[in-house]
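Shown below: protein.txt, with compact mmCIF, N, CA and C atoms.
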# COMPACT_ATOMS: atom_id res chain seq x y z
N MET A 16 -18.37 3.22 9.68
CA MET A 16 -16.96 2.89 9.65
C MET A 16 -16.52 2.49 8.25
N GLY A 17 -17.36 1.72 7.54
CA GLY A 17 -17.02 1.30 6.19
C GLY A 17 -16.79 2.48 5.27
N SER A 18 -17.59 3.56 5.45
CA SER A 18 -17.41 4.72 4.58
C SER A 18 -16.09 5.42 4.87
N ILE A 19 -15.65 5.37 6.13
CA ILE A 19 -14.35 5.96 6.48
C ILE A 19 -13.24 5.18 5.80
N VAL A 20 -13.30 3.86 5.88
CA VAL A 20 -12.30 3.02 5.24
C VAL A 20 -12.34 3.25 3.73
N SER A 21 -13.54 3.30 3.15
CA SER A 21 -13.67 3.54 1.72
C SER A 21 -13.04 4.86 1.31
N SER A 22 -13.30 5.90 2.10
CA SER A 22 -12.74 7.20 1.73
C SER A 22 -11.22 7.20 1.87
N LEU A 23 -10.70 6.49 2.85
CA LEU A 23 -9.25 6.41 3.01
C LEU A 23 -8.60 5.65 1.87
N LEU A 24 -9.30 4.64 1.36
CA LEU A 24 -8.74 3.83 0.28
C LEU A 24 -9.06 4.42 -1.09
N GLY A 25 -9.71 5.58 -1.11
CA GLY A 25 -10.02 6.21 -2.39
C GLY A 25 -11.30 5.70 -3.01
N GLY A 26 -12.09 4.96 -2.23
CA GLY A 26 -13.33 4.41 -2.76
C GLY A 26 -14.49 5.33 -2.47
N GLY A 27 -15.62 4.73 -2.25
CA GLY A 27 -16.82 5.51 -1.97
C GLY A 27 -17.80 5.32 -3.10
N GLY A 28 -19.03 5.04 -2.76
CA GLY A 28 -20.06 4.94 -3.77
C GLY A 28 -20.02 3.66 -4.58
N ILE A 29 -19.19 2.68 -4.22
CA ILE A 29 -19.14 1.46 -5.00
C ILE A 29 -19.44 0.23 -4.15
N ALA A 30 -20.09 0.43 -3.04
CA ALA A 30 -20.35 -0.69 -2.12
C ALA A 30 -21.11 -1.81 -2.81
N GLU A 31 -22.02 -1.46 -3.73
CA GLU A 31 -22.79 -2.50 -4.38
C GLU A 31 -21.94 -3.37 -5.30
N ALA A 32 -20.74 -2.94 -5.67
CA ALA A 32 -19.88 -3.72 -6.54
C ALA A 32 -18.96 -4.65 -5.75
N ALA A 33 -18.99 -4.53 -4.43
CA ALA A 33 -18.11 -5.36 -3.60
C ALA A 33 -18.63 -6.78 -3.53
N PRO A 34 -17.74 -7.75 -3.33
CA PRO A 34 -18.21 -9.13 -3.20
C PRO A 34 -19.10 -9.27 -1.97
N SER A 35 -20.05 -10.20 -2.02
CA SER A 35 -21.02 -10.31 -0.95
C SER A 35 -20.48 -11.06 0.27
N SER A 36 -19.36 -11.74 0.12
CA SER A 36 -18.82 -12.48 1.26
C SER A 36 -18.22 -11.51 2.28
N SER A 37 -17.96 -12.01 3.48
CA SER A 37 -17.39 -11.15 4.51
C SER A 37 -15.87 -11.05 4.38
N ASP A 38 -15.27 -11.86 3.49
CA ASP A 38 -13.83 -11.78 3.28
C ASP A 38 -13.50 -10.50 2.51
N PRO A 39 -12.44 -9.82 2.94
CA PRO A 39 -12.05 -8.64 2.18
C PRO A 39 -11.49 -9.07 0.82
N SER A 40 -11.79 -8.31 -0.20
CA SER A 40 -11.32 -8.65 -1.54
C SER A 40 -9.84 -8.35 -1.68
N ARG A 41 -9.16 -9.16 -2.48
CA ARG A 41 -7.75 -8.93 -2.78
C ARG A 41 -7.61 -8.17 -4.09
N VAL A 42 -8.72 -7.76 -4.70
CA VAL A 42 -8.68 -6.97 -5.92
C VAL A 42 -8.68 -5.50 -5.50
N MET A 43 -7.58 -4.80 -5.79
CA MET A 43 -7.45 -3.42 -5.34
C MET A 43 -7.94 -2.46 -6.42
N PRO A 44 -9.03 -1.73 -6.12
CA PRO A 44 -9.52 -0.75 -7.10
C PRO A 44 -8.71 0.55 -7.02
N PHE A 45 -8.50 1.18 -8.16
CA PHE A 45 -7.80 2.47 -8.20
C PHE A 45 -8.75 3.51 -8.75
N HIS A 46 -8.77 4.66 -8.08
CA HIS A 46 -9.69 5.74 -8.46
C HIS A 46 -8.95 7.03 -8.79
N SER A 47 -7.62 7.00 -8.73
CA SER A 47 -6.85 8.18 -9.11
C SER A 47 -5.64 7.74 -9.91
N SER A 48 -5.35 8.49 -10.96
CA SER A 48 -4.21 8.16 -11.82
C SER A 48 -2.90 8.22 -11.05
N ALA A 49 -2.78 9.17 -10.15
CA ALA A 49 -1.54 9.32 -9.37
C ALA A 49 -1.32 8.10 -8.48
N ARG A 50 -2.38 7.65 -7.81
CA ARG A 50 -2.27 6.48 -6.94
C ARG A 50 -1.94 5.23 -7.76
N TRP A 51 -2.58 5.10 -8.93
CA TRP A 51 -2.30 3.97 -9.81
C TRP A 51 -0.83 4.00 -10.25
N GLN A 52 -0.36 5.17 -10.69
CA GLN A 52 1.01 5.29 -11.20
C GLN A 52 2.03 4.91 -10.12
N LEU A 53 1.76 5.32 -8.89
CA LEU A 53 2.65 4.97 -7.78
C LEU A 53 2.69 3.45 -7.59
N HIS A 54 1.52 2.83 -7.57
CA HIS A 54 1.43 1.37 -7.41
C HIS A 54 2.14 0.66 -8.56
N PHE A 55 1.87 1.09 -9.78
CA PHE A 55 2.44 0.46 -10.97
C PHE A 55 3.97 0.61 -10.97
N ASN A 56 4.46 1.78 -10.66
CA ASN A 56 5.91 2.01 -10.62
C ASN A 56 6.58 1.14 -9.56
N ASN A 57 5.94 0.98 -8.41
CA ASN A 57 6.49 0.12 -7.35
C ASN A 57 6.53 -1.34 -7.79
N SER A 58 5.60 -1.74 -8.63
CA SER A 58 5.54 -3.15 -9.07
C SER A 58 6.64 -3.48 -10.07
N LYS A 59 7.23 -2.47 -10.68
CA LYS A 59 8.26 -2.72 -11.70
C LYS A 59 9.51 -3.38 -11.12
N ASP A 60 9.73 -3.21 -9.81
CA ASP A 60 10.89 -3.80 -9.17
C ASP A 60 10.65 -5.23 -8.71
N SER A 61 9.42 -5.70 -8.86
CA SER A 61 9.06 -7.03 -8.37
C SER A 61 8.80 -7.97 -9.54
N SER A 62 9.11 -9.24 -9.37
CA SER A 62 8.81 -10.23 -10.41
C SER A 62 7.40 -10.81 -10.20
N GLN A 63 6.66 -10.25 -9.23
CA GLN A 63 5.29 -10.70 -8.97
C GLN A 63 4.39 -10.35 -10.16
N LEU A 64 3.55 -11.29 -10.54
CA LEU A 64 2.58 -11.06 -11.60
C LEU A 64 1.49 -10.11 -11.11
N MET A 65 1.12 -9.15 -11.97
CA MET A 65 -0.02 -8.26 -11.68
C MET A 65 -1.07 -8.47 -12.77
N VAL A 66 -2.31 -8.65 -12.35
CA VAL A 66 -3.44 -8.76 -13.27
C VAL A 66 -4.24 -7.48 -13.13
N ILE A 67 -4.34 -6.72 -14.23
CA ILE A 67 -5.11 -5.47 -14.21
C ILE A 67 -6.44 -5.72 -14.91
N ASP A 68 -7.51 -5.54 -14.18
CA ASP A 68 -8.87 -5.74 -14.68
C ASP A 68 -9.41 -4.38 -15.11
N PHE A 69 -9.55 -4.18 -16.43
CA PHE A 69 -10.14 -2.95 -16.96
C PHE A 69 -11.62 -3.22 -17.18
N ALA A 70 -12.46 -2.42 -16.51
CA ALA A 70 -13.90 -2.64 -16.55
C ALA A 70 -14.62 -1.30 -16.50
N ALA A 71 -15.94 -1.35 -16.49
CA ALA A 71 -16.77 -0.16 -16.33
C ALA A 71 -18.01 -0.54 -15.53
N SER A 72 -18.53 0.41 -14.78
CA SER A 72 -19.67 0.13 -13.91
C SER A 72 -20.91 -0.28 -14.72
N TRP A 73 -21.03 0.19 -15.95
CA TRP A 73 -22.20 -0.09 -16.78
C TRP A 73 -22.05 -1.36 -17.63
N CYS A 74 -20.89 -2.02 -17.54
CA CYS A 74 -20.57 -3.16 -18.42
C CYS A 74 -21.11 -4.47 -17.83
N GLY A 75 -22.12 -5.04 -18.48
CA GLY A 75 -22.73 -6.29 -18.02
C GLY A 75 -21.74 -7.45 -17.93
N PRO A 76 -20.96 -7.70 -18.99
CA PRO A 76 -19.98 -8.79 -18.92
C PRO A 76 -18.95 -8.59 -17.80
N CYS A 77 -18.60 -7.34 -17.51
CA CYS A 77 -17.66 -7.05 -16.42
C CYS A 77 -18.24 -7.49 -15.08
N LYS A 78 -19.52 -7.16 -14.87
CA LYS A 78 -20.20 -7.55 -13.63
C LYS A 78 -20.32 -9.08 -13.55
N PHE A 79 -20.56 -9.72 -14.70
CA PHE A 79 -20.73 -11.16 -14.75
C PHE A 79 -19.45 -11.89 -14.31
N ILE A 80 -18.29 -11.43 -14.76
CA ILE A 80 -17.03 -12.14 -14.45
C ILE A 80 -16.42 -11.70 -13.12
N GLU A 81 -16.93 -10.62 -12.54
CA GLU A 81 -16.35 -10.10 -11.30
C GLU A 81 -16.22 -11.13 -10.17
N PRO A 82 -17.25 -11.94 -9.88
CA PRO A 82 -17.08 -12.95 -8.81
C PRO A 82 -15.94 -13.93 -9.11
N ALA A 83 -15.77 -14.31 -10.38
CA ALA A 83 -14.69 -15.23 -10.75
C ALA A 83 -13.32 -14.57 -10.54
N VAL A 84 -13.23 -13.27 -10.83
CA VAL A 84 -11.97 -12.55 -10.63
C VAL A 84 -11.64 -12.49 -9.13
N HIS A 85 -12.65 -12.22 -8.31
CA HIS A 85 -12.43 -12.20 -6.86
C HIS A 85 -12.01 -13.58 -6.35
N ALA A 86 -12.60 -14.64 -6.91
CA ALA A 86 -12.23 -16.00 -6.53
C ALA A 86 -10.77 -16.29 -6.92
N MET A 87 -10.37 -15.85 -8.11
CA MET A 87 -8.98 -16.05 -8.55
C MET A 87 -8.02 -15.28 -7.65
N ALA A 88 -8.42 -14.08 -7.23
CA ALA A 88 -7.57 -13.27 -6.34
C ALA A 88 -7.38 -13.98 -5.00
N SER A 89 -8.42 -14.66 -4.54
CA SER A 89 -8.31 -15.42 -3.29
C SER A 89 -7.46 -16.67 -3.47
N LYS A 90 -7.57 -17.29 -4.63
CA LYS A 90 -6.82 -18.52 -4.92
C LYS A 90 -5.34 -18.24 -5.16
N PHE A 91 -5.04 -17.21 -5.96
CA PHE A 91 -3.65 -16.90 -6.32
C PHE A 91 -3.16 -15.74 -5.45
N THR A 92 -2.83 -16.06 -4.21
CA THR A 92 -2.45 -15.00 -3.25
C THR A 92 -1.08 -14.41 -3.56
N ASP A 93 -0.32 -15.05 -4.46
CA ASP A 93 0.99 -14.53 -4.85
C ASP A 93 0.88 -13.60 -6.06
N VAL A 94 -0.34 -13.32 -6.52
CA VAL A 94 -0.56 -12.46 -7.67
C VAL A 94 -1.25 -11.18 -7.19
N ASP A 95 -0.83 -10.05 -7.75
CA ASP A 95 -1.40 -8.74 -7.42
C ASP A 95 -2.55 -8.46 -8.39
N PHE A 96 -3.75 -8.25 -7.87
CA PHE A 96 -4.92 -7.95 -8.70
C PHE A 96 -5.31 -6.49 -8.53
N ALA A 97 -5.43 -5.78 -9.65
CA ALA A 97 -5.82 -4.37 -9.63
C ALA A 97 -7.03 -4.20 -10.53
N LYS A 98 -7.88 -3.22 -10.19
CA LYS A 98 -9.07 -2.96 -11.00
C LYS A 98 -9.08 -1.48 -11.38
N ILE A 99 -9.28 -1.24 -12.67
CA ILE A 99 -9.33 0.12 -13.20
C ILE A 99 -10.68 0.31 -13.89
N ASP A 100 -11.42 1.33 -13.48
CA ASP A 100 -12.67 1.69 -14.17
C ASP A 100 -12.27 2.61 -15.32
N VAL A 101 -12.55 2.19 -16.55
CA VAL A 101 -12.11 2.94 -17.72
C VAL A 101 -12.73 4.34 -17.80
N ASP A 102 -13.89 4.53 -17.18
CA ASP A 102 -14.52 5.85 -17.17
C ASP A 102 -13.86 6.77 -16.15
N GLU A 103 -13.38 6.19 -15.03
CA GLU A 103 -12.71 7.00 -14.00
C GLU A 103 -11.28 7.35 -14.41
N LEU A 104 -10.59 6.38 -15.05
CA LEU A 104 -9.18 6.58 -15.41
C LEU A 104 -8.96 6.28 -16.90
N PRO A 105 -9.55 7.11 -17.77
CA PRO A 105 -9.42 6.84 -19.21
C PRO A 105 -7.98 6.93 -19.70
N ASP A 106 -7.14 7.73 -19.03
CA ASP A 106 -5.74 7.85 -19.43
C ASP A 106 -5.00 6.52 -19.24
N VAL A 107 -5.32 5.81 -18.15
CA VAL A 107 -4.68 4.52 -17.88
C VAL A 107 -5.17 3.50 -18.90
N ALA A 108 -6.47 3.50 -19.19
CA ALA A 108 -7.03 2.58 -20.18
C ALA A 108 -6.39 2.83 -21.55
N GLN A 109 -6.19 4.08 -21.89
CA GLN A 109 -5.57 4.43 -23.17
C GLN A 109 -4.11 3.99 -23.20
N GLU A 110 -3.41 4.18 -22.10
CA GLU A 110 -2.00 3.77 -22.01
C GLU A 110 -1.84 2.28 -22.29
N PHE A 111 -2.82 1.47 -21.84
CA PHE A 111 -2.76 0.02 -22.03
C PHE A 111 -3.53 -0.43 -23.28
N ARG A 112 -3.95 0.52 -24.10
CA ARG A 112 -4.63 0.25 -25.37
C ARG A 112 -5.87 -0.65 -25.18
N VAL A 113 -6.67 -0.32 -24.17
CA VAL A 113 -7.89 -1.09 -23.90
C VAL A 113 -8.96 -0.65 -24.89
N GLN A 114 -9.52 -1.63 -25.62
CA GLN A 114 -10.54 -1.31 -26.61
C GLN A 114 -11.88 -1.99 -26.35
N GLY A 115 -11.88 -3.01 -25.52
CA GLY A 115 -13.12 -3.71 -25.18
C GLY A 115 -13.09 -4.10 -23.73
N MET A 116 -14.26 -4.38 -23.18
CA MET A 116 -14.31 -4.75 -21.77
C MET A 116 -15.14 -6.02 -21.57
N PRO A 117 -14.72 -6.79 -20.58
CA PRO A 117 -13.55 -6.57 -19.74
C PRO A 117 -12.25 -6.92 -20.48
N THR A 118 -11.18 -6.22 -20.12
CA THR A 118 -9.84 -6.55 -20.60
C THR A 118 -8.96 -6.79 -19.38
N PHE A 119 -8.24 -7.89 -19.41
CA PHE A 119 -7.32 -8.24 -18.33
C PHE A 119 -5.91 -8.19 -18.89
N VAL A 120 -5.07 -7.31 -18.34
CA VAL A 120 -3.70 -7.19 -18.79
C VAL A 120 -2.80 -7.79 -17.72
N LEU A 121 -1.97 -8.74 -18.12
CA LEU A 121 -1.04 -9.40 -17.20
C LEU A 121 0.32 -8.75 -17.36
N VAL A 122 0.87 -8.27 -16.25
CA VAL A 122 2.10 -7.48 -16.27
C VAL A 122 3.10 -8.06 -15.28
N LYS A 123 4.37 -8.08 -15.71
CA LYS A 123 5.48 -8.47 -14.84
C LYS A 123 6.60 -7.47 -15.06
N LYS A 124 7.14 -6.95 -13.96
CA LYS A 124 8.24 -5.98 -14.01
C LYS A 124 7.90 -4.81 -14.93
N GLY A 125 6.63 -4.38 -14.90
CA GLY A 125 6.20 -3.23 -15.68
C GLY A 125 5.95 -3.48 -17.15
N LYS A 126 6.09 -4.73 -17.59
CA LYS A 126 5.89 -5.07 -19.00
C LYS A 126 4.71 -6.02 -19.16
N GLU A 127 3.91 -5.76 -20.20
CA GLU A 127 2.78 -6.65 -20.49
C GLU A 127 3.32 -7.99 -20.97
N VAL A 128 2.84 -9.08 -20.33
CA VAL A 128 3.25 -10.42 -20.74
C VAL A 128 2.11 -11.17 -21.42
N ASP A 129 0.88 -10.71 -21.22
CA ASP A 129 -0.28 -11.37 -21.83
C ASP A 129 -1.50 -10.50 -21.62
N ARG A 130 -2.58 -10.86 -22.31
CA ARG A 130 -3.86 -10.17 -22.11
C ARG A 130 -5.00 -11.07 -22.51
N VAL A 131 -6.15 -10.84 -21.88
CA VAL A 131 -7.37 -11.58 -22.18
C VAL A 131 -8.47 -10.53 -22.33
N VAL A 132 -9.21 -10.61 -23.45
CA VAL A 132 -10.31 -9.68 -23.68
C VAL A 132 -11.60 -10.47 -23.67
N GLY A 133 -12.56 -10.00 -22.88
CA GLY A 133 -13.86 -10.65 -22.82
C GLY A 133 -14.01 -11.54 -21.60
N VAL A 134 -15.17 -12.16 -21.49
CA VAL A 134 -15.48 -13.04 -20.37
C VAL A 134 -14.91 -14.41 -20.68
N GLU A 135 -13.62 -14.56 -20.45
CA GLU A 135 -12.90 -15.79 -20.76
C GLU A 135 -12.24 -16.29 -19.47
N LYS A 136 -13.07 -16.73 -18.53
CA LYS A 136 -12.60 -17.13 -17.20
C LYS A 136 -11.51 -18.20 -17.26
N ASP A 137 -11.76 -19.27 -18.02
CA ASP A 137 -10.79 -20.37 -18.09
C ASP A 137 -9.47 -19.92 -18.72
N GLU A 138 -9.57 -19.13 -19.79
CA GLU A 138 -8.37 -18.63 -20.46
C GLU A 138 -7.57 -17.73 -19.51
N LEU A 139 -8.27 -16.87 -18.77
CA LEU A 139 -7.60 -15.98 -17.82
C LEU A 139 -6.89 -16.80 -16.74
N GLU A 140 -7.58 -17.77 -16.21
CA GLU A 140 -6.99 -18.59 -15.15
C GLU A 140 -5.75 -19.34 -15.66
N LYS A 141 -5.82 -19.88 -16.88
CA LYS A 141 -4.66 -20.58 -17.46
C LYS A 141 -3.48 -19.64 -17.63
N LYS A 142 -3.73 -18.44 -18.10
CA LYS A 142 -2.63 -17.48 -18.31
C LYS A 142 -2.04 -17.01 -16.99
N ILE A 143 -2.87 -16.87 -15.97
CA ILE A 143 -2.35 -16.51 -14.64
C ILE A 143 -1.46 -17.64 -14.14
N GLU A 144 -1.94 -18.89 -14.26
CA GLU A 144 -1.14 -20.06 -13.84
C GLU A 144 0.21 -20.06 -14.55
N LYS A 145 0.18 -19.83 -15.85
CA LYS A 145 1.40 -19.86 -16.67
C LYS A 145 2.39 -18.78 -16.24
N HIS A 146 1.93 -17.55 -16.11
CA HIS A 146 2.85 -16.43 -15.88
C HIS A 146 3.26 -16.26 -14.42
N ARG A 147 2.44 -16.71 -13.50
CA ARG A 147 2.84 -16.58 -12.09
C ARG A 147 3.98 -17.54 -11.79
N ALA A 148 4.03 -18.65 -12.54
CA ALA A 148 5.05 -19.67 -12.30
C ALA A 148 6.38 -19.33 -12.97
N LEU A 149 6.31 -18.54 -14.04
CA LEU A 149 7.54 -18.22 -14.78
C LEU A 149 8.40 -17.26 -14.00
N GLN A 150 9.63 -17.62 -13.84
CA GLN A 150 10.60 -16.71 -13.19
C GLN A 150 11.59 -16.29 -14.26
N PRO A 151 12.00 -15.02 -14.24
CA PRO A 151 12.98 -14.59 -15.24
C PRO A 151 14.27 -15.38 -15.08
N SER A 152 14.88 -15.78 -16.18
CA SER A 152 16.13 -16.54 -16.08
C SER A 152 17.28 -15.62 -15.69
N SER A 153 18.19 -16.15 -14.86
CA SER A 153 19.27 -15.32 -14.37
C SER A 153 20.49 -15.45 -15.23
Do you think you could lay out the structure here as structure tokens?
Amino acid sequence: MGSIVSSLLGGGGIAEAAPSSSDPSRVMPFHSSARWQLHFNNSKDSSQLMVIDFAASWCGPCKFIEPAVHAMASKFTDVDFAKIDVDELPDVAQEFRVQGMPTFVLVKKGKEVDRVVGVEKDELEKKIEKHRALQPSS
């Protein structure tokens, strides 16, 4: 059944990267540029903060910080967490000028508001706290 769900969600072959807890992750992985573009375009109408995690399956630091990212996704339920594998979607990584991994790009209404490069858990959490609370002035 899990493989059916994985195939429907565009996954497959990444079960070992999933969190070990029985809770479903709130970090949504994207495996197709078209699906990503649709999600990203839909987010432009919302003032909800989106955190995009740019990583790679072979990246040790990316694997190291992954549990912390999943924990933040569970803690900040009002924030949209997305994961992009730079090898699967190099066009998306290039669009966001990703040069090192992990890179976390914080986006609101389709615009980058901040970014964190490297395994900087505390810095990432502080920036999420800061930007999720900010509402555009009317």
From the options A:Phe69, A:Phe55, A:Phe96, A:Phe45, which residue's atoms come nearest to Lys126 of chain A, counting only C-alpha atoms? A:Phe55
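Picture a line from atom N of Cys77 of chain A to atom N of Val120 of chain A; it runs 13.6 Å.
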Residues near segment 86-88 of chain A, cut-off 12 Å, only C-alpha atoms, skip fewer than 5 positions along chain, as a ChimeraX atom specification: /A:34-36,38-43,64-68,80-81,93-98,136-137,139-144
By how many Å are atom CA of Ile99 of chain A and atom CA of Ala148 of chain A apart? 24.5 Å
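Nearest residue to Val122 of chain A, choosing from A:His46, A:Lys145, A:His54, A:Lys59 and counting only C-alpha atoms: A:Lys59.
With atom CA of Lys123 of chain A on one side and atom CA of Asp60 of chain A on the other, the separation reads 9.1 Å.
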Return as a PDB file with N, CA and C atoms, keeping the file's coordinate frame the full set of residues in segment 33-98 of chain A whose backbone-based DSSP assignment is strand (DSSP E or B).
ATOM      1  N   VAL A  42      -8.720  -7.760  -4.700  1.00  0.00           N
ATOM      2  CA  VAL A  42      -8.680  -6.970  -5.920  1.00  0.00           C
ATOM      3  C   VAL A  42      -8.680  -5.500  -5.500  1.00  0.00           C
ATOM      4  N   MET A  43      -7.580  -4.800  -5.790  1.00  0.00           N
ATOM      5  CA  MET A  43      -7.450  -3.420  -5.340  1.00  0.00           C
ATOM      6  C   MET A  43      -7.940  -2.460  -6.420  1.00  0.00           C
ATOM      7  N   PRO A  44      -9.030  -1.730  -6.120  1.00  0.00           N
ATOM      8  CA  PRO A  44      -9.520  -0.750  -7.100  1.00  0.00           C
ATOM      9  C   PRO A  44      -8.710   0.550  -7.020  1.00  0.00           C
ATOM     10  N   PHE A  45      -8.500   1.180  -8.160  1.00  0.00           N
ATOM     11  CA  PHE A  45      -7.800   2.470  -8.200  1.00  0.00           C
ATOM     12  C   PHE A  45      -8.750   3.510  -8.750  1.00  0.00           C
ATOM     13  N   MET A  65       1.120  -9.150 -11.970  1.00  0.00           N
ATOM     14  CA  MET A  65      -0.020  -8.260 -11.680  1.00  0.00           C
ATOM     15  C   MET A  65      -1.070  -8.470 -12.770  1.00  0.00           C
ATOM     16  N   VAL A  66      -2.310  -8.650 -12.350  1.00  0.00           N
ATOM     17  CA  VAL A  66      -3.440  -8.760 -13.270  1.00  0.00           C
ATOM     18  C   VAL A  66      -4.240  -7.480 -13.130  1.00  0.00           C
ATOM     19  N   ILE A  67      -4.340  -6.720 -14.230  1.00  0.00           N
ATOM     20  CA  ILE A  67      -5.110  -5.470 -14.210  1.00  0.00           C
ATOM     21  C   ILE A  67      -6.440  -5.720 -14.910  1.00  0.00           C
ATOM     22  N   ASP A  68      -7.510  -5.540 -14.180  1.00  0.00           N
ATOM     23  CA  ASP A  68      -8.870  -5.740 -14.680  1.00  0.00           C
ATOM     24  C   ASP A  68      -9.410  -4.380 -15.110  1.00  0.00           C
ATOM     25  N   PHE A  69      -9.550  -4.180 -16.430  1.00  0.00           N
ATOM     26  CA  PHE A  69     -10.140  -2.950 -16.960  1.00  0.00           C
ATOM     27  C   PHE A  69     -11.620  -3.220 -17.180  1.00  0.00           C
ATOM     28  N   ALA A  70     -12.460  -2.420 -16.510  1.00  0.00           N
ATOM     29  CA  ALA A  70     -13.900  -2.640 -16.550  1.00  0.00           C
ATOM     30  C   ALA A  70     -14.620  -1.300 -16.500  1.00  0.00           C
ATOM     31  N   ASP A  95      -0.830 -10.050  -7.750  1.00  0.00           N
ATOM     32  CA  ASP A  95      -1.400  -8.740  -7.420  1.00  0.00           C
ATOM     33  C   ASP A  95      -2.550  -8.460  -8.390  1.00  0.00           C
ATOM     34  N   PHE A  96      -3.750  -8.250  -7.870  1.00  0.00           N
ATOM     35  CA  PHE A  96      -4.920  -7.950  -8.700  1.00  0.00           C
ATOM     36  C   PHE A  96      -5.310  -6.490  -8.530  1.00  0.00           C
ATOM     37  N   ALA A  97      -5.430  -5.780  -9.650  1.00  0.00           N
ATOM     38  CA  ALA A  97      -5.820  -4.370  -9.630  1.00  0.00           C
ATOM     39  C   ALA A  97      -7.030  -4.200 -10.530  1.00  0.00           C
ATOM     40  N   LYS A  98      -7.880  -3.220 -10.190  1.00  0.00           N
ATOM     41  CA  LYS A  98      -9.070  -2.960 -11.000  1.00  0.00           C
ATOM     42  C   LYS A  98      -9.080  -1.480 -11.380  1.00  0.00           C
TER      43      LYS A  98
END
Quick check for you: according to DSSP on this backbone, which residues of segment 54-132 of chain A are classed as alpha helix (DSSP H)? Reply as an NGL selection string. :A and (54-58 or 75-90 or 105-110)
Contact residues around Ala70 of chain A with only N, CA and C atoms at 6 Å, ignoring same-chain residues under 2 positions, as a PyMOL selection string: chain A and resi 68+72+77+99-102+116-118
